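final_23.txt follows; it contains compact mmCIF, C-alpha atoms and all ligand atoms.
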```txt
# COMPACT_ATOMS: atom_id res chain seq x y z
CA MET V 2 -15.01 4.21 -78.02
CA THR V 3 -15.82 4.93 -81.60
CA THR V 4 -18.84 3.64 -83.43
CA ASP V 5 -18.31 1.44 -86.42
CA SER V 6 -18.92 3.20 -89.64
CA PRO V 7 -20.71 1.12 -92.27
CA PRO V 8 -18.36 -0.72 -94.60
CA ALA V 9 -17.56 1.39 -97.60
CA THR V 10 -19.42 0.16 -100.66
CA PRO V 11 -16.86 -0.82 -103.22
CA THR V 12 -17.12 1.55 -106.12
CA ARG V 13 -16.34 -0.12 -109.36
CA PRO V 14 -16.15 1.97 -112.51
CA ARG V 15 -19.39 1.59 -114.44
CA VAL V 16 -18.98 0.63 -118.10
CA LEU V 17 -21.57 1.55 -120.69
CA VAL V 18 -21.41 -1.08 -123.44
CA LEU V 19 -23.00 0.28 -126.61
CA PHE V 20 -23.94 -2.08 -129.44
CA GLY V 21 -26.20 -2.49 -132.47
CA GLY V 22 -26.56 0.92 -134.06
CA ARG V 23 -27.70 2.44 -137.29
CA SER V 24 -25.12 1.00 -139.66
CA SER V 25 -25.52 -2.02 -141.90
CA GLU V 26 -23.13 -3.76 -139.49
CA HIS V 27 -25.78 -3.71 -136.73
CA GLU V 28 -25.85 -7.49 -136.40
CA VAL V 29 -22.06 -7.83 -136.46
CA SER V 30 -21.89 -5.31 -133.64
CA CYS V 31 -24.35 -7.42 -131.62
CA LEU V 32 -22.12 -10.48 -132.14
CA SER V 33 -19.05 -8.50 -131.05
CA ALA V 34 -20.89 -7.14 -127.99
CA ARG V 35 -21.82 -10.64 -126.85
CA GLY V 36 -18.12 -11.40 -126.55
CA VAL V 37 -17.28 -8.13 -124.80
CA LEU V 38 -20.14 -8.46 -122.28
CA TRP V 39 -18.98 -11.97 -121.49
CA ALA V 40 -15.35 -10.86 -121.10
CA ILE V 41 -15.65 -7.75 -118.90
CA ASP V 42 -14.26 -8.48 -115.44
CA ARG V 43 -17.34 -8.12 -113.19
CA ASP V 44 -15.17 -7.92 -110.06
CA ALA V 45 -13.51 -4.81 -111.41
CA TYR V 46 -16.35 -3.16 -113.36
CA ASP V 47 -20.12 -2.73 -113.24
CA VAL V 48 -21.70 -3.08 -116.66
CA VAL V 49 -24.69 -1.37 -118.30
CA PRO V 50 -25.56 -2.83 -121.71
CA VAL V 51 -27.34 -0.41 -124.04
CA GLY V 52 -28.50 -1.55 -127.48
CA ILE V 53 -28.97 1.08 -130.18
CA THR V 54 -31.85 0.14 -132.48
CA LYS V 55 -31.51 0.37 -136.25
CA ASP V 56 -33.41 3.66 -136.12
CA GLY V 57 -31.04 5.06 -133.51
CA ARG V 58 -32.92 4.69 -130.20
CA TRP V 59 -30.76 3.88 -127.16
CA THR V 60 -32.41 1.12 -125.14
CA LEU V 61 -31.51 -0.47 -121.84
CA LEU V 62 -30.93 -4.23 -122.18
CA PRO V 63 -29.77 -5.51 -118.78
CA ASP V 64 -29.54 -9.06 -120.15
CA GLY V 65 -27.28 -7.99 -122.99
CA VAL V 66 -27.58 -9.20 -126.56
CA PRO V 67 -30.67 -11.34 -127.16
CA VAL V 68 -30.17 -15.03 -127.82
CA THR V 69 -30.93 -16.04 -131.41
CA ARG V 70 -31.54 -19.27 -133.29
CA GLU V 71 -28.49 -20.87 -134.87
CA GLY V 72 -27.79 -19.45 -138.33
CA THR V 73 -29.53 -16.15 -137.61
CA LEU V 74 -27.83 -12.96 -136.52
CA PRO V 75 -28.88 -11.05 -133.38
CA GLN V 76 -30.45 -7.58 -133.44
CA VAL V 77 -31.39 -5.02 -130.81
CA PRO V 78 -35.09 -5.75 -130.18
CA ALA V 79 -37.81 -3.09 -130.24
CA GLY V 80 -39.63 -2.20 -127.05
CA ALA V 81 -36.91 -1.99 -124.37
CA PRO V 82 -36.91 1.16 -122.18
CA GLU V 83 -35.32 4.13 -123.91
CA VAL V 84 -32.43 5.96 -122.29
CA VAL V 85 -30.24 8.98 -122.96
CA LEU V 86 -26.78 9.87 -121.74
CA ALA V 87 -26.65 13.28 -120.07
CA VAL V 88 -24.31 15.32 -117.90
CA THR V 89 -25.59 16.26 -114.45
CA ASP V 90 -23.99 17.58 -111.28
CA ARG V 91 -23.06 13.93 -110.60
CA GLY V 92 -21.25 13.62 -113.91
CA ALA V 93 -22.49 11.55 -116.84
CA VAL V 94 -25.61 9.51 -116.08
CA LEU V 95 -28.01 7.33 -118.01
CA LEU V 96 -31.55 8.64 -117.81
CA GLY V 97 -34.64 6.62 -118.71
CA LEU V 98 -37.13 8.55 -120.79
CA PRO V 99 -40.72 8.70 -119.54
CA ASP V 100 -43.20 6.73 -121.62
CA GLU V 101 -45.98 8.34 -123.62
CA GLY V 102 -48.13 8.86 -120.52
CA GLY V 103 -45.59 11.38 -119.22
CA GLY V 104 -43.90 11.07 -115.85
CA THR V 105 -40.41 11.72 -114.64
CA LEU V 106 -36.98 10.77 -115.90
CA VAL V 107 -35.64 7.59 -114.33
CA ASP V 108 -32.07 7.66 -113.04
CA HIS V 109 -30.21 4.58 -114.26
CA GLY V 110 -26.96 5.59 -112.62
CA PRO V 111 -23.58 6.96 -113.56
CA VAL V 112 -21.39 6.11 -116.52
CA ASP V 113 -17.63 6.18 -115.95
CA VAL V 114 -16.38 4.81 -119.23
CA CYS V 115 -17.98 3.67 -122.49
CA PHE V 116 -17.05 0.73 -124.69
CA PRO V 117 -18.60 1.48 -128.07
CA VAL V 118 -18.84 -1.99 -129.62
CA LEU V 119 -20.18 -0.51 -132.84
CA HIS V 120 -18.96 -1.07 -136.37
CA GLY V 121 -19.31 1.14 -139.43
CA PRO V 122 -21.02 4.52 -139.82
CA TYR V 123 -22.44 6.17 -136.64
CA GLY V 124 -20.25 3.98 -134.45
CA GLU V 125 -16.74 3.55 -135.73
CA ASP V 126 -16.54 6.80 -137.70
CA GLY V 127 -16.05 9.44 -135.02
CA THR V 128 -19.70 10.39 -134.59
CA ILE V 129 -20.37 8.45 -131.39
CA GLN V 130 -16.84 9.33 -130.23
CA GLY V 131 -17.72 13.03 -130.66
CA HIS V 132 -20.93 12.56 -128.69
CA LEU V 133 -19.06 10.86 -125.83
CA ALA V 134 -16.21 13.40 -125.91
CA SER V 135 -18.63 16.31 -125.76
CA LEU V 136 -20.20 14.77 -122.64
CA GLY V 137 -16.79 14.13 -121.08
CA VAL V 138 -17.21 10.34 -121.04
CA PRO V 139 -13.97 8.36 -121.54
CA TYR V 140 -14.33 5.73 -124.26
CA VAL V 141 -12.46 2.76 -125.63
CA GLY V 142 -10.73 3.19 -128.96
CA ALA V 143 -9.64 5.86 -131.38
CA ASP V 144 -10.59 9.52 -130.99
CA VAL V 145 -12.88 11.49 -133.29
CA ALA V 146 -10.33 12.39 -135.96
CA ALA V 147 -8.59 9.00 -136.14
CA SER V 148 -11.95 7.21 -136.30
CA ALA V 149 -13.13 9.47 -139.12
CA ILE V 150 -9.95 8.90 -141.13
CA ALA V 151 -9.96 5.14 -140.62
CA ILE V 152 -13.57 4.62 -141.69
CA ASP V 153 -13.03 6.57 -144.90
CA LYS V 154 -11.00 4.44 -147.31
CA ARG V 155 -10.19 7.49 -149.47
CA GLN V 156 -8.80 9.57 -146.58
CA MET V 157 -7.11 6.56 -144.99
CA LYS V 158 -5.23 5.90 -148.24
CA HIS V 159 -4.05 9.53 -148.37
CA VAL V 160 -2.71 9.31 -144.83
CA PHE V 161 -1.06 5.93 -145.47
CA ALA V 162 0.54 7.25 -148.66
CA ALA V 163 1.94 10.23 -146.77
CA ALA V 164 3.43 7.79 -144.25
CA GLY V 165 5.09 5.85 -147.08
CA LEU V 166 3.05 2.66 -146.56
CA PRO V 167 2.73 0.34 -149.58
CA GLN V 168 -0.84 0.04 -150.89
CA VAL V 169 -2.77 -1.34 -153.86
CA ALA V 170 -3.26 1.06 -156.83
CA HIS V 171 -6.61 2.85 -156.62
CA ASP V 172 -8.74 5.69 -157.91
CA VAL V 173 -11.84 7.49 -156.67
CA VAL V 174 -15.25 8.10 -158.27
CA LEU V 175 -17.51 10.86 -156.94
CA ARG V 176 -21.24 10.63 -157.54
CA PRO V 177 -21.58 14.01 -159.33
CA ASP V 178 -18.75 13.12 -161.75
CA TRP V 179 -20.29 9.69 -162.40
CA GLU V 180 -23.65 11.24 -163.11
CA ALA V 181 -22.15 13.94 -165.33
CA ASP V 182 -19.86 11.77 -167.48
CA ARG V 183 -19.85 8.08 -166.73
CA ASP V 184 -17.86 7.16 -169.85
CA ALA V 185 -14.99 9.45 -168.88
CA GLU V 186 -14.90 7.90 -165.39
CA LEU V 187 -14.89 4.37 -166.86
CA ALA V 188 -12.15 5.19 -169.35
CA ARG V 189 -9.96 6.67 -166.60
CA LEU V 190 -10.43 3.67 -164.31
CA GLU V 191 -9.73 1.14 -167.06
CA ALA V 192 -6.58 2.95 -168.18
CA ALA V 193 -5.27 3.36 -164.62
CA LEU V 194 -6.18 0.03 -163.06
CA GLY V 195 -7.19 -2.64 -165.60
CA PHE V 196 -9.45 -5.60 -164.72
CA PRO V 197 -10.21 -7.08 -162.29
CA MET V 198 -11.04 -4.21 -159.95
CA PHE V 199 -12.74 -3.90 -156.58
CA THR V 200 -15.43 -1.24 -156.17
CA LYS V 201 -16.02 -0.08 -152.60
CA PRO V 202 -18.14 2.54 -150.85
CA ALA V 203 -15.60 4.83 -149.16
CA ARG V 204 -17.25 4.56 -145.73
CA GLN V 205 -18.61 1.10 -144.94
CA GLY V 206 -17.28 -2.12 -143.52
CA SER V 207 -17.83 -5.89 -143.40
CA SER V 208 -17.53 -6.02 -147.20
CA ILE V 209 -20.94 -4.37 -147.59
CA GLY V 210 -21.37 -2.72 -151.00
CA ILE V 211 -18.06 -4.17 -152.27
CA THR V 212 -17.86 -6.00 -155.62
CA ARG V 213 -15.09 -7.68 -157.57
CA VAL V 214 -15.57 -6.66 -161.21
CA ALA V 215 -13.97 -8.27 -164.24
CA ASP V 216 -15.37 -6.25 -167.16
CA ARG V 217 -16.92 -2.90 -168.04
CA ALA V 218 -20.54 -3.97 -167.50
CA ALA V 219 -19.69 -5.32 -164.06
CA LEU V 220 -17.70 -2.18 -163.27
CA VAL V 221 -20.78 -0.05 -164.00
CA GLU V 222 -22.86 -2.25 -161.71
CA GLY V 223 -20.16 -2.27 -159.04
CA VAL V 224 -19.89 1.51 -158.95
CA GLU V 225 -23.69 1.83 -158.87
CA GLU V 226 -23.87 -0.65 -156.01
CA ALA V 227 -21.20 1.22 -154.01
CA LEU V 228 -22.99 4.53 -154.70
CA ARG V 229 -26.01 3.13 -152.87
CA TYR V 230 -23.96 3.42 -149.67
CA ASP V 231 -21.79 6.48 -150.24
CA ARG V 232 -21.30 9.36 -152.65
CA VAL V 233 -17.60 8.48 -152.78
CA VAL V 234 -16.48 5.18 -154.34
CA VAL V 235 -12.96 3.81 -154.06
CA VAL V 236 -11.94 1.60 -156.98
CA GLU V 237 -8.90 -0.62 -156.53
CA GLN V 238 -6.81 -2.84 -158.70
CA GLY V 239 -8.00 -6.38 -157.94
CA LEU V 240 -5.34 -8.72 -156.59
CA ASP V 241 -5.66 -12.43 -157.33
CA ASP V 242 -4.22 -15.21 -155.21
CA VAL V 243 -3.35 -12.98 -152.28
CA ARG V 244 -3.31 -14.08 -148.68
CA GLU V 245 -4.97 -11.91 -146.04
CA LEU V 246 -2.95 -11.16 -142.92
CA GLU V 247 -4.07 -9.09 -139.93
CA CYS V 248 -2.22 -7.62 -136.96
CA GLY V 249 -3.67 -6.39 -133.68
CA VAL V 250 -2.42 -3.14 -132.18
CA ILE V 251 -3.25 -1.73 -128.73
CA GLY V 252 -1.95 1.23 -126.77
CA ASN V 253 -1.98 4.98 -126.36
CA ASP V 254 1.49 6.56 -126.38
CA GLU V 255 3.18 3.18 -126.32
CA VAL V 256 1.83 0.50 -128.58
CA ARG V 257 1.95 -3.28 -128.60
CA VAL V 258 1.59 -5.11 -131.90
CA THR V 259 0.87 -8.80 -132.50
CA PRO V 260 2.45 -10.94 -135.17
CA PRO V 261 0.02 -11.38 -138.09
CA GLY V 262 -2.78 -13.91 -138.13
CA GLU V 263 -4.21 -15.23 -141.39
CA THR V 264 -7.84 -15.57 -142.42
CA ILE V 265 -8.51 -18.42 -144.77
CA HIS V 266 -11.98 -18.38 -146.25
CA ALA V 267 -13.74 -21.04 -148.22
CA GLY V 268 -14.89 -20.39 -151.79
CA ASP V 269 -13.14 -18.67 -154.62
CA ALA V 270 -15.02 -15.38 -154.52
CA PHE V 271 -13.71 -13.04 -151.84
CA TYR V 272 -14.15 -12.44 -148.19
CA ASP V 273 -17.69 -11.11 -148.38
CA PHE V 274 -20.27 -10.57 -145.64
CA GLU V 275 -21.59 -14.13 -145.93
CA ALA V 276 -18.09 -15.62 -145.74
CA LYS V 277 -17.23 -13.41 -142.78
CA TYR V 278 -20.17 -14.12 -140.49
CA LEU V 279 -22.27 -17.01 -141.72
CA ALA V 280 -19.80 -19.52 -143.14
CA PRO V 281 -17.00 -21.31 -141.32
CA VAL V 282 -13.73 -19.37 -141.44
CA GLU V 283 -10.32 -20.65 -140.59
CA LEU V 284 -8.08 -18.36 -138.58
CA ARG V 285 -4.39 -19.14 -138.25
CA CYS V 286 -2.59 -17.39 -135.40
CA PRO V 287 0.17 -16.75 -135.96
CA ALA V 288 0.14 -16.88 -139.76
CA ASP V 289 2.51 -19.31 -141.43
CA VAL V 290 4.63 -16.73 -143.28
CA PRO V 291 8.38 -16.09 -143.45
CA ALA V 292 9.78 -14.25 -140.42
CA ASP V 293 10.67 -11.16 -142.45
CA VAL V 294 7.09 -10.90 -143.75
CA ALA V 295 5.69 -11.21 -140.21
CA ALA V 296 8.11 -8.57 -138.98
CA ALA V 297 7.17 -6.22 -141.84
CA CYS V 298 3.46 -6.66 -140.99
CA SER V 299 4.04 -5.68 -137.37
CA ARG V 300 6.18 -2.72 -138.40
CA TYR V 301 3.64 -1.46 -140.95
CA ALA V 302 0.81 -2.03 -138.45
CA ALA V 303 2.47 0.21 -135.87
CA ALA V 304 3.21 2.82 -138.57
CA ALA V 305 -0.40 2.76 -139.83
CA TYR V 306 -1.69 3.15 -136.24
CA ARG V 307 0.58 6.15 -135.67
CA ALA V 308 -0.18 7.64 -139.08
CA ILE V 309 -3.91 7.95 -138.41
CA GLY V 310 -3.32 8.93 -134.78
CA ALA V 311 -5.08 5.90 -133.31
CA ARG V 312 -5.28 5.11 -129.61
CA GLY V 313 -6.77 2.23 -127.63
CA MET V 314 -6.91 -0.45 -130.31
CA ALA V 315 -7.00 -1.18 -134.02
CA ARG V 316 -6.56 -4.05 -136.43
CA VAL V 317 -4.41 -3.50 -139.49
CA ASP V 318 -5.08 -5.73 -142.52
CA PHE V 319 -2.69 -6.72 -145.29
CA PHE V 320 -2.61 -8.39 -148.68
CA TYR V 321 0.34 -10.72 -149.07
CA ASP V 322 1.24 -11.88 -152.53
CA ALA V 323 3.71 -14.68 -151.82
CA ALA V 324 4.59 -15.29 -155.49
CA GLY V 325 5.24 -11.60 -156.18
CA GLU V 326 6.78 -11.06 -152.75
CA ARG V 327 4.53 -8.06 -152.21
CA LEU V 328 3.05 -6.98 -148.90
CA LEU V 329 0.44 -4.21 -149.07
CA VAL V 330 -1.53 -2.49 -146.33
CA ASN V 331 -5.25 -2.91 -147.06
CA GLU V 332 -6.91 -1.05 -144.22
CA ILE V 333 -7.09 -0.17 -140.54
CA ASN V 334 -10.18 -0.84 -138.41
CA THR V 335 -10.49 1.16 -135.20
CA ILE V 336 -13.24 -1.05 -133.74
CA PRO V 337 -12.18 -4.45 -135.01
CA GLY V 338 -14.68 -7.29 -135.03
CA LEU V 339 -14.83 -9.08 -131.68
CA THR V 340 -17.12 -11.92 -132.81
CA PRO V 341 -16.27 -15.63 -132.51
CA GLN V 342 -15.19 -15.51 -136.19
CA SER V 343 -13.00 -12.44 -135.73
CA MET V 344 -9.24 -12.22 -135.81
CA PHE V 345 -8.57 -9.59 -133.14
CA PRO V 346 -9.19 -11.74 -130.02
CA PRO V 347 -7.22 -14.79 -131.23
CA VAL V 348 -4.17 -12.82 -132.46
CA TRP V 349 -3.93 -11.35 -128.97
CA GLU V 350 -4.52 -14.71 -127.35
CA ALA V 351 -1.67 -16.13 -129.45
CA ALA V 352 0.49 -13.17 -128.43
CA GLY V 353 -0.13 -13.98 -124.74
CA LEU V 354 -3.06 -11.65 -123.96
CA PRO V 355 -6.27 -13.65 -123.38
CA PHE V 356 -9.58 -12.00 -124.33
CA LYS V 357 -10.65 -11.10 -120.77
CA GLN V 358 -7.32 -9.41 -120.09
CA LEU V 359 -7.47 -7.69 -123.47
CA ILE V 360 -10.85 -6.16 -122.61
CA SER V 361 -9.58 -5.02 -119.17
CA THR V 362 -6.53 -3.46 -120.82
CA LEU V 363 -8.72 -1.60 -123.33
CA LEU V 364 -10.85 -0.15 -120.52
CA GLU V 365 -7.71 0.89 -118.63
CA LEU V 366 -6.33 2.54 -121.78
CA ALA V 367 -9.59 4.48 -122.22
CA ILE V 368 -9.46 5.79 -118.66
CA GLU V 369 -5.74 6.56 -118.99
CA ALA V 370 -6.28 8.53 -122.22
CA SER V 371 -9.03 10.65 -120.70
CA ALA V 372 -7.00 11.25 -117.53
CA ALA V 373 -3.99 12.38 -119.55
CA ASP V 374 -5.48 15.85 -119.71
CA GLY V 375 -4.98 17.43 -123.10
CA ARG V 376 -2.43 14.85 -124.27
CA PHE V 377 -5.09 13.12 -126.30
CA SER V 378 -7.67 14.87 -128.44
CA PRO V 379 -11.42 14.22 -127.85
N1 LIG V 401 -7.96 -4.87 -154.15
C1 LIG V 401 -8.36 -6.09 -153.75
N2 LIG V 401 -7.90 -7.22 -154.32
C2 LIG V 401 -8.31 -8.44 -153.89
N3 LIG V 401 -9.21 -8.64 -152.91
C3 LIG V 401 -9.74 -7.55 -152.32
C4 LIG V 401 -9.34 -6.23 -152.68
N4 LIG V 401 -10.01 -5.36 -151.91
C5 LIG V 401 -10.79 -6.09 -151.12
N5 LIG V 401 -10.65 -7.41 -151.34
C6 LIG V 401 -11.41 -8.48 -150.65
O1 LIG V 401 -12.59 -7.92 -150.09
C7 LIG V 401 -12.57 -7.95 -148.66
C8 LIG V 401 -13.19 -6.71 -148.07
O2 LIG V 401 -12.49 -5.55 -148.48
P1 LIG V 401 -12.04 -4.43 -147.46
O3 LIG V 401 -11.39 -3.34 -148.22
O4 LIG V 401 -11.24 -5.05 -146.38
O5 LIG V 401 -13.42 -3.88 -146.92
P2 LIG V 401 -14.13 -3.86 -145.49
O6 LIG V 401 -13.80 -2.52 -144.94
O7 LIG V 401 -15.57 -4.00 -145.82
O8 LIG V 401 -13.56 -4.98 -144.68
C9 LIG V 401 -11.11 -8.14 -148.32
O9 LIG V 401 -10.95 -8.76 -147.07
C10 LIG V 401 -10.64 -9.04 -149.47
O10 LIG V 401 -11.09 -10.38 -149.27
MG MG V 402 -11.60 -5.46 -144.39
```

If you convert what's in this file into structure tokens, what do you get?
Ligand SMILES: Nc1ncnc2c1ncn2[C@@H]1O[C@H](COP(=O)(O)OP(=O)(O)O)[C@@H](O)[C@H]1O
Ligand SMILES: [Mg+2]
Amino acid sequence: MTTDSPPATPTRPRVLVLFGGRSSEHEVSCLSARGVLWAIDRDAYDVVPVGITKDGRWTLLPDGVPVTREGTLPQVPAGAPEVVLAVTDRGAVLLGLPDEGGGTLVDHGPVDVCFPVLHGPYGEDGTIQGHLASLGVPYVGADVAASAIAIDKRQMKHVFAAAGLPQVAHDVVLRPDWEADRDAELARLEAALGFPMFTKPARQGSSIGITRVADRAALVEGVEEALRYDRVVVVEQGLDDVRELECGVIGNDEVRVTPPGETIHAGDAFYDFEAKYLAPVELRCPADVPADVAAACSRYAAAAYRAIGARGMARVDFFYDAAGERLLVNEINTIPGLTPQSMFPPVWEAAGLPFKQLISTLLELAIEASAADGRFSP
């Protein structure tokens, strides 16, 4: 007779969900993380939520993103226990730091895969991806290089141009040139682009630091504003009366692309931070556009994804000028917003992939990419 061995404890992969962070999109990241934490399949995965404070401390928040009053945006609170990610003989683990009184490191268990739900610099730009890659932790989304290209509107436009994708006319202002000869910079921009223009910090997101400018005085202010966020400013020709279409893309070697959705925002300004997260937004999935326009969006979205070398997921955004019959690629986002106002979940839902399944697929793609030894870069 044999003795019964104890039932094997089911081992579910443990997902580190990172949110908050040092960028000016901290609050947006918290909103996105709320959705992701809700959607992760708890039968298939264990979950460890870690909020990164605005000054960069990693803190353990077992209850996830704090609840906030209506009309206010959530933040990672101060005071939660601080943790670090480290590699040990058991693989990657989360370790709790001792408090000021000293003591030992607390073992908070292994990490099998990370979902960085972070937007903007230090989250979506390759830096956190490099940290995770160097520790050997699989993560959701684009690798270091693709993330760094996508966050940088100047580099992204170079790569898109090389891939033959249609884009709005633009120019670049560098801080040292602006400081040395502002008039020459202004004259060049006005001759090349004409008013209105859009001034943008090269590496930001959520419309932060972006201004629509209609004359020289406003252009000076717009460039100065963008320079507060970055030493590189992208200046674009401003398009009036354009519709904004967005496609979702997921996959590693093989990609799936959604038909475009459309964001319709109230007000006549532009889709600024306030409009994106604090005011009601109407999302139409799929967008009501001619079939050939929808097909072109999906085709360009897949081409943009390939061009930057994305994996996991991305959202590709377009400007559609119905009167002029022009479709232009605006940008690619490698960690698209996953908030209740965001387009990425509903375009997938409309394409037959509900949010919970989408999140499971993204985690599977992350594990697949890391298991495909050498086929994907860090
Ligand atoms: N060249 C442009 N012409 C017209 N509207 C623009 C232009 N560039 C940006 N916008 C408006 O500003 C918003 C934010 O710009 P975008 O380049 O997408 O920056 P972010 O990376 O912050 O999302 C766009 O969604 C659109 O509403
Ligand atoms: Mg955008």

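The spacing separating atom CA of Glu101 of chain V from atom CA of Gly80 of chain V amounts to 12.8 Å.
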
9 Å from ligand LIG 401 (chain V) is the threshold here; counting only C-alpha atoms and all ligand atoms, which polymer residues fall inside it? Answer as a VMD selection string. chain V and resid 121 152 154 169 to 171 197 to 213 236 to 245 264 266 270 to 274 277 318 to 320 331 to 334

Residue contacts of Trp349 of chain V (12 Å, all atoms listed in the file) excluding same-chain residues fewer than 2 positions away, as a PyMOL selection string: chain V and resi 247-251+257-262+286-287+314-316+339+343-347+351-360+362

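Atom CA of Ile129 of chain V to atom CA of Trp59 of chain V spans 12.1 Å [interatomic distance, one decimal].
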
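Atom pair atom CA of Thr12 of chain V / atom CA of Ala87 of chain V has a distance of 20.6 Å (rounded to one decimal).
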
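Nearest to ligand MG 402 (chain V) of all the residues V:Glu350, V:Ile336, V:Ala367, V:Val160 is V:Ile336, counting all atoms listed in the file.
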
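The neighbours of Asp47 of chain V here are the residues that come within 9 Å of it, using all atoms listed in the file and leaving out any residue fewer than 2 positions away in the same chain; they are Thr12, Arg13, Pro14, Arg15, Val16, Leu17, Ile41, Asp42, Arg43, Asp44, Ala45 and Val49 of chain V.
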
Keeping only C-alpha atoms, write the selected residues as a short mmCIF file (atom, residue, chain, number, x, y, z; two decimals), in the frame of the given file.
```cif
data_model
loop_
_atom_site.label_atom_id
_atom_site.label_comp_id
_atom_site.auth_asym_id
_atom_site.auth_seq_id
_atom_site.Cartn_x
_atom_site.Cartn_y
_atom_site.Cartn_z
CA THR V 12 -17.12 1.55 -106.12
CA ARG V 13 -16.34 -0.12 -109.36
CA PRO V 14 -16.15 1.97 -112.51
CA ARG V 15 -19.39 1.59 -114.44
CA VAL V 16 -18.98 0.63 -118.10
CA LEU V 17 -21.57 1.55 -120.69
CA ILE V 41 -15.65 -7.75 -118.90
CA ASP V 42 -14.26 -8.48 -115.44
CA ARG V 43 -17.34 -8.12 -113.19
CA ASP V 44 -15.17 -7.92 -110.06
CA ALA V 45 -13.51 -4.81 -111.41
CA VAL V 49 -24.69 -1.37 -118.30
#
```

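Between Glu326 of chain V and the residues V:Val233, V:Ala297, V:Leu194, V:Ala311, the shortest atom-to-atom distance, using only C-alpha atoms, involves V:Ala297.
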